[in-house]
$ cat final.cif   # mmCIF, C-alpha atoms and all ligand atoms
data_work
#
loop_
_atom_site.label_atom_id
_atom_site.label_comp_id
_atom_site.auth_asym_id
_atom_site.auth_seq_id
_atom_site.Cartn_x
_atom_site.Cartn_y
_atom_site.Cartn_z
CA MET D 71 -24.12 -6.59 -13.96
CA LYS D 72 -20.91 -4.60 -13.75
CA ILE D 73 -18.67 -5.12 -10.72
CA GLY D 74 -16.40 -2.29 -9.67
CA VAL D 75 -13.11 -2.68 -7.87
CA LEU D 76 -11.91 0.30 -5.84
CA ALA D 77 -8.53 0.92 -7.44
CA LEU D 78 -6.84 3.55 -5.30
CA GLN D 79 -4.15 1.38 -3.71
CA GLY D 80 -3.53 -2.22 -2.65
CA ALA D 81 -4.49 -5.60 -4.04
CA PHE D 82 -7.11 -4.43 -6.53
CA ARG D 83 -5.57 -6.13 -9.58
CA GLU D 84 -5.92 -9.54 -7.95
CA HIS D 85 -9.65 -8.94 -7.42
CA VAL D 86 -9.95 -7.87 -11.07
CA GLU D 87 -8.18 -11.07 -12.16
CA ALA D 88 -10.37 -13.29 -9.97
CA LEU D 89 -13.59 -11.64 -11.18
CA THR D 90 -12.48 -11.67 -14.82
CA ALA D 91 -11.65 -15.38 -14.54
CA LEU D 92 -15.25 -15.90 -13.44
CA GLY D 93 -16.52 -14.09 -16.53
CA ALA D 94 -17.74 -10.99 -14.66
CA HIS D 95 -17.76 -7.52 -16.22
CA VAL D 96 -15.27 -5.55 -14.15
CA ALA D 97 -14.55 -1.81 -13.95
CA LEU D 98 -11.89 0.03 -11.97
CA VAL D 99 -13.26 2.68 -9.64
CA LYS D 100 -10.86 5.61 -9.25
CA ARG D 101 -13.18 8.60 -9.56
CA PRO D 102 -16.76 9.40 -8.48
CA GLU D 103 -18.09 9.08 -12.04
CA HIS D 104 -16.85 5.46 -12.20
CA LEU D 105 -19.07 4.64 -9.26
CA ASP D 106 -22.21 5.54 -11.22
CA GLN D 107 -21.55 2.68 -13.63
CA VAL D 108 -21.25 -0.23 -11.19
CA ASP D 109 -23.81 -2.53 -9.58
CA ALA D 110 -21.50 -3.91 -6.89
CA ILE D 111 -18.01 -3.13 -5.62
CA PHE D 112 -14.98 -4.87 -4.17
CA LEU D 113 -12.98 -2.89 -1.61
CA PRO D 114 -9.50 -4.40 -1.60
CA GLY D 115 -6.85 -4.95 1.02
CA GLY D 116 -3.80 -2.72 1.10
CA GLU D 117 -2.94 0.03 3.53
CA SER D 118 -6.10 1.44 5.07
CA THR D 119 -4.49 4.72 6.13
CA THR D 120 -3.34 5.35 2.55
CA ILE D 121 -6.68 4.36 1.02
CA ASP D 122 -8.36 6.61 3.57
CA LYS D 123 -6.36 9.62 2.34
CA LEU D 124 -6.91 8.70 -1.31
CA LEU D 125 -10.68 8.59 -0.72
CA ASP D 126 -10.44 12.32 -0.08
CA SER D 127 -8.09 13.27 -2.92
CA SER D 128 -10.17 11.23 -5.41
CA GLU D 129 -13.38 12.78 -4.04
CA LEU D 130 -14.80 9.30 -3.63
CA ARG D 131 -15.44 9.37 0.12
CA GLU D 132 -18.94 10.86 0.14
CA PRO D 133 -20.34 9.21 -3.01
CA LEU D 134 -18.94 5.82 -1.96
CA ALA D 135 -20.35 6.09 1.55
CA ARG D 136 -23.71 7.17 0.14
CA ARG D 137 -23.94 4.29 -2.32
CA LEU D 138 -22.93 1.77 0.34
CA ARG D 139 -25.55 3.17 2.69
CA ASP D 140 -28.09 2.94 -0.15
CA GLY D 141 -27.39 -0.78 -0.51
CA LEU D 142 -24.68 -1.14 -3.15
CA PRO D 143 -23.50 -4.75 -2.69
CA ALA D 144 -19.88 -4.75 -1.56
CA PHE D 145 -17.19 -7.23 -0.66
CA ALA D 146 -14.62 -5.60 1.64
CA THR D 147 -11.37 -7.45 2.26
CA CYS D 148 -8.76 -6.67 4.92
CA ALA D 149 -8.02 -2.93 4.63
CA GLY D 150 -11.38 -2.68 2.82
CA LEU D 151 -13.01 -4.07 5.96
CA ILE D 152 -11.23 -1.41 8.04
CA LEU D 153 -12.66 1.27 5.71
CA CYS D 154 -16.21 -0.01 6.19
CA ALA D 155 -16.13 -0.60 9.96
CA SER D 156 -18.14 1.45 12.38
CA GLU D 157 -15.19 1.55 14.78
CA VAL D 158 -11.43 1.09 14.30
CA LEU D 159 -9.17 0.40 17.27
CA ASP D 160 -5.44 1.14 16.95
CA GLY D 161 -6.09 3.13 13.80
CA ARG D 162 -4.36 6.39 12.98
CA PRO D 163 -6.06 9.38 14.63
CA ASP D 164 -6.93 10.92 11.26
CA GLN D 165 -8.36 7.67 9.90
CA GLN D 166 -12.11 8.09 9.22
CA PRO D 167 -13.89 4.80 8.56
CA LEU D 168 -17.03 5.01 6.44
CA ALA D 169 -19.06 3.33 9.22
CA VAL D 170 -21.32 1.37 6.91
CA LEU D 171 -20.77 -2.00 8.64
CA ASP D 172 -21.58 -2.59 12.30
CA VAL D 173 -18.30 -4.16 13.40
CA THR D 174 -15.36 -3.06 15.51
CA VAL D 175 -11.95 -3.99 14.11
CA ARG D 176 -8.51 -3.79 15.64
CA ARG D 177 -6.05 -2.73 12.97
CA ASN D 178 -3.01 -5.08 12.73
CA GLY D 179 -4.69 -7.04 15.55
CA TYR D 180 -3.06 -10.36 14.72
CA GLY D 181 0.23 -8.88 15.87
CA ARG D 182 3.73 -8.86 14.64
CA GLN D 183 4.69 -12.51 15.01
CA ARG D 184 1.61 -13.54 13.08
CA GLU D 185 1.69 -10.66 10.62
CA SER D 186 1.12 -13.15 7.80
CA PHE D 187 -0.22 -16.66 8.05
CA GLU D 188 -2.39 -19.07 6.16
CA THR D 189 -5.01 -21.27 7.75
CA PRO D 190 -7.87 -23.43 6.45
CA LEU D 191 -11.30 -21.93 7.14
CA ALA D 192 -14.61 -23.77 7.31
CA VAL D 193 -17.02 -21.44 5.52
CA ARG D 194 -20.76 -21.81 6.03
CA GLY D 195 -22.51 -22.48 2.75
CA LEU D 196 -19.32 -23.27 0.81
CA ALA D 197 -19.10 -26.76 -0.63
CA ASP D 198 -15.93 -28.72 -1.44
CA GLY D 199 -13.90 -28.26 1.70
CA ASP D 200 -12.08 -25.56 3.63
CA PHE D 201 -11.12 -22.21 2.14
CA PRO D 202 -7.45 -21.15 2.34
CA GLY D 203 -7.42 -18.07 4.59
CA VAL D 204 -4.47 -15.83 3.71
CA PHE D 205 -3.99 -13.27 6.49
CA ILE D 206 -1.57 -10.37 5.91
CA ARG D 207 -1.25 -7.87 8.77
CA ALA D 208 -4.96 -8.47 9.09
CA PRO D 209 -7.41 -6.66 11.33
CA VAL D 210 -9.04 -8.63 14.15
CA VAL D 211 -12.81 -8.35 14.29
CA ASP D 212 -13.37 -7.45 17.95
CA ARG D 213 -17.14 -7.11 17.85
CA VAL D 214 -19.90 -7.84 15.37
CA GLY D 215 -23.30 -6.18 15.51
CA ALA D 216 -26.40 -8.31 16.12
CA HIS D 217 -27.31 -7.93 12.46
CA VAL D 218 -24.05 -9.44 11.15
CA GLU D 219 -24.13 -12.99 9.83
CA VAL D 220 -20.80 -14.67 10.55
CA LEU D 221 -19.78 -17.11 7.81
CA ALA D 222 -16.38 -18.22 9.11
CA GLU D 223 -14.34 -17.96 12.28
CA HIS D 224 -10.73 -18.49 13.21
CA ASP D 225 -9.95 -19.20 16.88
CA GLY D 226 -13.48 -18.11 17.77
CA VAL D 227 -13.13 -14.76 16.00
CA ALA D 228 -15.25 -13.79 12.98
CA VAL D 229 -13.13 -13.58 9.81
CA LEU D 230 -15.85 -13.68 7.14
CA GLY D 231 -19.40 -12.43 7.27
CA ARG D 232 -22.01 -10.13 5.89
CA ALA D 233 -24.58 -7.62 7.01
CA ASP D 234 -27.27 -7.04 4.43
CA ASP D 235 -25.31 -6.49 1.23
CA ILE D 236 -21.91 -5.71 2.70
CA TRP D 237 -19.71 -8.80 2.84
CA PHE D 238 -16.36 -8.73 4.60
CA ALA D 239 -13.26 -10.86 5.05
CA SER D 240 -10.34 -10.00 7.29
CA PHE D 241 -8.22 -12.24 5.03
CA HIS D 242 -7.43 -12.06 1.29
CA PRO D 243 -9.57 -14.41 -0.83
CA GLU D 244 -8.09 -12.85 -3.98
CA LEU D 245 -4.58 -14.04 -3.05
CA SER D 246 -5.57 -17.63 -2.28
CA GLY D 247 -5.93 -18.96 -5.82
CA ASP D 248 -9.41 -20.16 -4.79
CA LEU D 249 -12.27 -18.38 -6.55
CA ARG D 250 -15.17 -19.82 -4.54
CA LEU D 251 -15.86 -16.73 -2.42
CA HIS D 252 -15.81 -14.42 -5.43
CA GLN D 253 -18.10 -16.91 -7.15
CA LEU D 254 -20.46 -17.00 -4.17
CA PHE D 255 -20.75 -13.20 -4.20
CA VAL D 256 -21.18 -12.97 -7.98
CA ASN D 257 -23.81 -15.73 -8.04
CA HIS D 258 -25.70 -14.08 -5.20
CA TYR D 259 -26.17 -10.84 -7.16
CA SER D 260 -26.44 -12.17 -10.73
N1 LIG Z 1 -2.66 -3.61 8.14
C1 LIG Z 1 -3.27 -3.03 6.99
C2 LIG Z 1 -3.98 -1.72 7.32
O1 LIG Z 1 -4.06 -1.32 8.40
C3 LIG Z 1 -4.24 -3.98 6.32
C4 LIG Z 1 -3.50 -5.12 5.72
C5 LIG Z 1 -4.09 -5.67 4.49
O2 LIG Z 1 -5.01 -5.13 3.88
N2 LIG Z 1 -3.50 -6.75 4.05
O3 LIG Z 1 -4.49 -1.11 6.44
#

$ encode --input "final.cif" --output "C-alpha cells"
Amino acid sequence: MKIGVLALQGAFREHVEALTALGAHVALVKRPEHLDQVDAIFLPGGESTTIDKLLDSSELREPLARRLRDGLPAFATCAGLILCASEVLDGRPDQQPLAVLDVTVRRNGYGRQRESFETPLAVRGLADGDFPGVFIRAPVVDRVGAHVEVLAEHDGVAVLGRADDIWFASFHPELSGDLRLHQLFVNHYS
C-alpha cells in the first residue's frame, strides 16, 4: 500500500517522516497524476486558504474530491480538516471546502489567546495512555453529522473522529512525537 501526503503547503514533511518511521511507502501528492498511484492520503495542516488556492493551480481539486468521494482512505489534520468539511464558518468568502466530510468547522475557532496549546486527549481504542493533542490555530468542530464516529473530545467538542474512510483531527498528531494515530490508520488499511 502506498500512502500519499498532499504536499502543496503546510506540515506535510512531518507526516512523511511519521509514516516513513512506521515503515510505510510514502509518496508526495503535488499533481493529479500522483493521486493515481496512492491507496490512501494524508491531508496536512497549514493554511487552509492557501491550500485551497493551490488545489486549483495544481489542478488537484476535482480529482482529489472525486477520489475522496469514491472512498480513498484519508486522514485530514487541522487545515486538512477544513478542506474536507461540508461547511466552514469564519472562512474566507472564496474558500471552497471539498465537502466530503459531514462536519461544520469554525476556522481559528479556538481564538487568539489559545491559538496554540497542548492538552492530553483520551482517544477511544488507543492503548497506553493519553495522546498529546497539539493545537495550532485549530478549527473548532461545531457540528458532526450522525454518521461521524467521534474518537476524542476536548471540553466536550469533537477533536478526532472518522466517517467511513475519512479520519480527521483538529490537532496535529504529526507534531506530537507520538506515532500511535498514524499507526492506527496504517494498521487499519494494511
Ligand atoms: N488556522 C489555519 C487555517 O485556517 C489552520 C491551522 C493549522 O492547520 N494548524 O487554515

$ residues_near_point --input "final.cif" --point "(-20.4, -6.5, 14.6)" --cutoff "6 Å" --atoms "only C-alpha atoms" --output "mmCIF file with C-alpha atoms, keeping the file's coordinate frame"
data_model
loop_
_atom_site.group_PDB
_atom_site.id
_atom_site.type_symbol
_atom_site.label_atom_id
_atom_site.label_comp_id
_atom_site.auth_asym_id
_atom_site.auth_seq_id
_atom_site.Cartn_x
_atom_site.Cartn_y
_atom_site.Cartn_z
ATOM 1 C CA ASP D 172 -21.580 -2.590 12.300
ATOM 2 C CA VAL D 173 -18.300 -4.160 13.400
ATOM 3 C CA ARG D 213 -17.140 -7.110 17.850
ATOM 4 C CA VAL D 214 -19.900 -7.840 15.370
ATOM 5 C CA GLY D 215 -23.300 -6.180 15.510
ATOM 6 C CA VAL D 218 -24.050 -9.440 11.150
#

$ closest_atom_pairs --input "final.cif" --of "chain D" --to "ligand LIG 1 (chain Z)" --cutoff "6 Å" --atoms "all atoms listed in the file" --output "tab-separated table"
residue	atom	partner	partner_atom	distance
D:Gly115	CA	Z:LIG1	O2	3.4
D:Gly116	CA	Z:LIG1	O2	3.9
D:Glu117	CA	Z:LIG1	O3	3.5
D:Ser118	CA	Z:LIG1	O3	3.3
D:Thr119	CA	Z:LIG1	O3	5.8
D:Cys148	CA	Z:LIG1	O2	4.2
D:Ala149	CA	Z:LIG1	O2	3.8
D:Arg177	CA	Z:LIG1	O1	5.2
D:Asn178	CA	Z:LIG1	N1	4.8
D:Ile206	CA	Z:LIG1	N2	4.5
D:Arg207	CA	Z:LIG1	N1	4.5
D:Ala208	CA	Z:LIG1	C4	5.0

$ write_last_selection --input "final.cif" --atoms "C-alpha atoms" --output "short mmCIF file (atom, residue, chain, number, x, y, z; two decimals), keeping the file's coordinate frame"
data_model
loop_
_atom_site.label_atom_id
_atom_site.label_comp_id
_atom_site.auth_asym_id
_atom_site.auth_seq_id
_atom_site.Cartn_x
_atom_site.Cartn_y
_atom_site.Cartn_z
CA GLY D 115 -6.85 -4.95 1.02
CA GLY D 116 -3.80 -2.72 1.10
CA GLU D 117 -2.94 0.03 3.53
CA SER D 118 -6.10 1.44 5.07
CA THR D 119 -4.49 4.72 6.13
CA CYS D 148 -8.76 -6.67 4.92
CA ALA D 149 -8.02 -2.93 4.63
CA ARG D 177 -6.05 -2.73 12.97
CA ASN D 178 -3.01 -5.08 12.73
CA ILE D 206 -1.57 -10.37 5.91
CA ARG D 207 -1.25 -7.87 8.77
CA ALA D 208 -4.96 -8.47 9.09
#

$ residues_around --input "final.cif" --residues "range 155-162 of chain D" --least-positions-apart "3" --cutoff "7 Å" --atoms "only C-alpha atoms" --output "ChimeraX atom specification"
/D:151-152,165,167-177

$ residues_near_point --input "final.cif" --point "(-5.9, -16.2, 0.9)" --cutoff "9 Å" --atoms "only C-alpha atoms" --output "list in words"
Glu188, Thr189, Phe201, Pro202, Gly203, Val204, Phe205, Ile206, Phe241, His242, Pro243, Glu244, Leu245, Ser246, Gly247 and Asp248 of chain D

$ residues_around --input "final.cif" --residues "range 97-106 of chain D" --least-positions-apart "4" --cutoff "7 Å" --atoms "all atoms listed in the file" --output "count of residues only"
11

$ atom_distance --input "final.cif" --atom1 "CA of Leu124 in chain D" --atom2 "CA of Gln79 in chain D"
8.2 Å

$ atom_distance --input "final.cif" --atom1 "CA of Ala146 in chain D" --atom2 "CA of Glu223 in chain D"
16.3 Å

$ closest_residue --input "final.cif" --among "D:His224, D:His252, D:Arg184, D:His217" --to "Leu89 in chain D" --atoms "all atoms listed in the file"
D:His252

$ axis_aligned_box --input "final.cif" --around "range 110-121 of chain D" --padding-each-side "5 Å" --output "lines of an AutoDock Vina configuration file"
center_x = -12.2
center_y = 0.2
center_z = -0.4
size_x = 28.6
size_y = 20.3
size_z = 23.0

$ residues_around --input "final.cif" --residues "Ala91 in chain D" --least-positions-apart "4" --cutoff "12 Å" --atoms "only C-alpha atoms" --output "VMD selection string"
chain D and resid 84 to 87 95 to 96 244 247 to 250 252 to 253 256

$ closest_residue --input "final.cif" --among "D:Ala228, D:Pro209, D:Arg83, D:Phe112" --to "Arg182 in chain D" --atoms "all atoms listed in the file"
D:Pro209

$ build_atoms --input "final.cif" --residues "range 244-255 of chain D" --atoms "all heavy atoms" --output "mmCIF file, in the frame of the given file"
data_model
loop_
_atom_site.group_PDB
_atom_site.id
_atom_site.type_symbol
_atom_site.label_atom_id
_atom_site.label_comp_id
_atom_site.auth_asym_id
_atom_site.auth_seq_id
_atom_site.Cartn_x
_atom_site.Cartn_y
_atom_site.Cartn_z
ATOM 1 N N GLU D 244 -8.623 -13.058 -2.625
ATOM 2 C CA GLU D 244 -8.090 -12.850 -3.980
ATOM 3 C C GLU D 244 -6.640 -13.306 -4.103
ATOM 4 O O GLU D 244 -6.109 -13.378 -5.200
ATOM 5 C CB GLU D 244 -8.241 -11.369 -4.379
ATOM 6 C CG GLU D 244 -7.243 -10.389 -3.794
ATOM 7 C CD GLU D 244 -7.417 -10.101 -2.295
ATOM 8 O OE1 GLU D 244 -8.287 -10.722 -1.648
ATOM 9 O OE2 GLU D 244 -6.659 -9.259 -1.783
ATOM 10 N N LEU D 245 -5.979 -13.602 -2.990
ATOM 11 C CA LEU D 245 -4.580 -14.040 -3.050
ATOM 12 C C LEU D 245 -4.460 -15.546 -2.789
ATOM 13 O O LEU D 245 -3.361 -16.068 -2.682
ATOM 14 C CB LEU D 245 -3.721 -13.297 -2.009
ATOM 15 C CG LEU D 245 -3.674 -11.776 -2.139
ATOM 16 C CD1 LEU D 245 -2.778 -11.169 -1.060
ATOM 17 C CD2 LEU D 245 -3.153 -11.373 -3.515
ATOM 18 N N SER D 246 -5.597 -16.221 -2.696
ATOM 19 C CA SER D 246 -5.570 -17.630 -2.280
ATOM 20 C C SER D 246 -5.559 -18.584 -3.462
ATOM 21 O O SER D 246 -5.321 -19.776 -3.291
ATOM 22 C CB SER D 246 -6.791 -17.929 -1.416
ATOM 23 O OG SER D 246 -7.960 -17.788 -2.208
ATOM 24 N N GLY D 247 -5.822 -18.084 -4.667
ATOM 25 C CA GLY D 247 -5.930 -18.960 -5.820
ATOM 26 C C GLY D 247 -7.241 -19.751 -5.826
ATOM 27 O O GLY D 247 -7.435 -20.624 -6.663
ATOM 28 N N ASP D 248 -8.127 -19.459 -4.908
ATOM 29 C CA ASP D 248 -9.410 -20.160 -4.790
ATOM 30 C C ASP D 248 -10.512 -19.138 -5.070
ATOM 31 O O ASP D 248 -10.614 -18.114 -4.374
ATOM 32 C CB ASP D 248 -9.534 -20.713 -3.353
ATOM 33 C CG ASP D 248 -10.732 -21.629 -3.170
ATOM 34 O OD1 ASP D 248 -11.786 -21.372 -3.784
ATOM 35 O OD2 ASP D 248 -10.615 -22.586 -2.385
ATOM 36 N N LEU D 249 -11.289 -19.385 -6.096
ATOM 37 C CA LEU D 249 -12.270 -18.380 -6.550
ATOM 38 C C LEU D 249 -13.645 -18.545 -5.922
ATOM 39 O O LEU D 249 -14.580 -17.815 -6.272
ATOM 40 C CB LEU D 249 -12.413 -18.469 -8.083
ATOM 41 C CG LEU D 249 -11.147 -18.189 -8.908
ATOM 42 C CD1 LEU D 249 -11.449 -18.369 -10.397
ATOM 43 C CD2 LEU D 249 -10.630 -16.783 -8.640
ATOM 44 N N ARG D 250 -13.812 -19.483 -4.989
ATOM 45 C CA ARG D 250 -15.170 -19.820 -4.540
ATOM 46 C C ARG D 250 -15.882 -18.665 -3.834
ATOM 47 O O ARG D 250 -17.097 -18.534 -3.928
ATOM 48 C CB ARG D 250 -15.142 -21.061 -3.642
ATOM 49 C CG ARG D 250 -14.950 -22.355 -4.433
ATOM 50 C CD ARG D 250 -14.880 -23.550 -3.506
ATOM 51 N NE ARG D 250 -13.724 -23.473 -2.637
ATOM 52 C CZ ARG D 250 -13.579 -24.165 -1.500
ATOM 53 N NH1 ARG D 250 -14.541 -24.958 -1.107
ATOM 54 N NH2 ARG D 250 -12.487 -24.041 -0.764
ATOM 55 N N LEU D 251 -15.164 -17.833 -3.105
ATOM 56 C CA LEU D 251 -15.860 -16.730 -2.420
ATOM 57 C C LEU D 251 -16.276 -15.639 -3.404
ATOM 58 O O LEU D 251 -17.358 -15.064 -3.283
ATOM 59 C CB LEU D 251 -15.000 -16.152 -1.294
ATOM 60 C CG LEU D 251 -14.864 -17.044 -0.058
ATOM 61 C CD1 LEU D 251 -13.975 -16.381 0.990
ATOM 62 C CD2 LEU D 251 -16.228 -17.366 0.540
ATOM 63 N N HIS D 252 -15.411 -15.359 -4.383
ATOM 64 C CA HIS D 252 -15.810 -14.420 -5.430
ATOM 65 C C HIS D 252 -17.035 -14.960 -6.172
ATOM 66 O O HIS D 252 -17.979 -14.225 -6.459
ATOM 67 C CB HIS D 252 -14.656 -14.186 -6.422
ATOM 68 C CG HIS D 252 -13.517 -13.386 -5.863
ATOM 69 N ND1 HIS D 252 -12.567 -13.915 -5.039
ATOM 70 C CD2 HIS D 252 -13.185 -12.076 -6.008
ATOM 71 C CE1 HIS D 252 -11.704 -12.974 -4.701
ATOM 72 N NE2 HIS D 252 -12.061 -11.840 -5.272
ATOM 73 N N GLN D 253 -16.989 -16.269 -6.447
ATOM 74 C CA GLN D 253 -18.100 -16.910 -7.150
ATOM 75 C C GLN D 253 -19.395 -16.804 -6.344
ATOM 76 O O GLN D 253 -20.459 -16.495 -6.890
ATOM 77 C CB GLN D 253 -17.744 -18.394 -7.378
ATOM 78 C CG GLN D 253 -18.805 -19.167 -8.127
ATOM 79 C CD GLN D 253 -18.557 -19.172 -9.620
ATOM 80 O OE1 GLN D 253 -17.591 -19.760 -10.068
ATOM 81 N NE2 GLN D 253 -19.407 -18.494 -10.371
ATOM 82 N N LEU D 254 -19.291 -17.055 -5.044
ATOM 83 C CA LEU D 254 -20.460 -17.000 -4.170
ATOM 84 C C LEU D 254 -21.112 -15.608 -4.231
ATOM 85 O O LEU D 254 -22.332 -15.462 -4.339
ATOM 86 C CB LEU D 254 -20.010 -17.310 -2.738
ATOM 87 C CG LEU D 254 -21.038 -17.758 -1.725
ATOM 88 C CD1 LEU D 254 -21.620 -19.121 -2.099
ATOM 89 C CD2 LEU D 254 -20.395 -17.863 -0.325
ATOM 90 N N PHE D 255 -20.265 -14.580 -4.158
ATOM 91 C CA PHE D 255 -20.750 -13.200 -4.200
ATOM 92 C C PHE D 255 -21.394 -12.909 -5.569
ATOM 93 O O PHE D 255 -22.504 -12.388 -5.643
ATOM 94 C CB PHE D 255 -19.589 -12.237 -3.913
ATOM 95 C CG PHE D 255 -19.975 -10.790 -3.904
ATOM 96 C CD1 PHE D 255 -20.401 -10.177 -2.725
ATOM 97 C CD2 PHE D 255 -19.900 -10.021 -5.058
ATOM 98 C CE1 PHE D 255 -20.751 -8.828 -2.715
ATOM 99 C CE2 PHE D 255 -20.242 -8.677 -5.057
ATOM 100 C CZ PHE D 255 -20.673 -8.078 -3.872
#
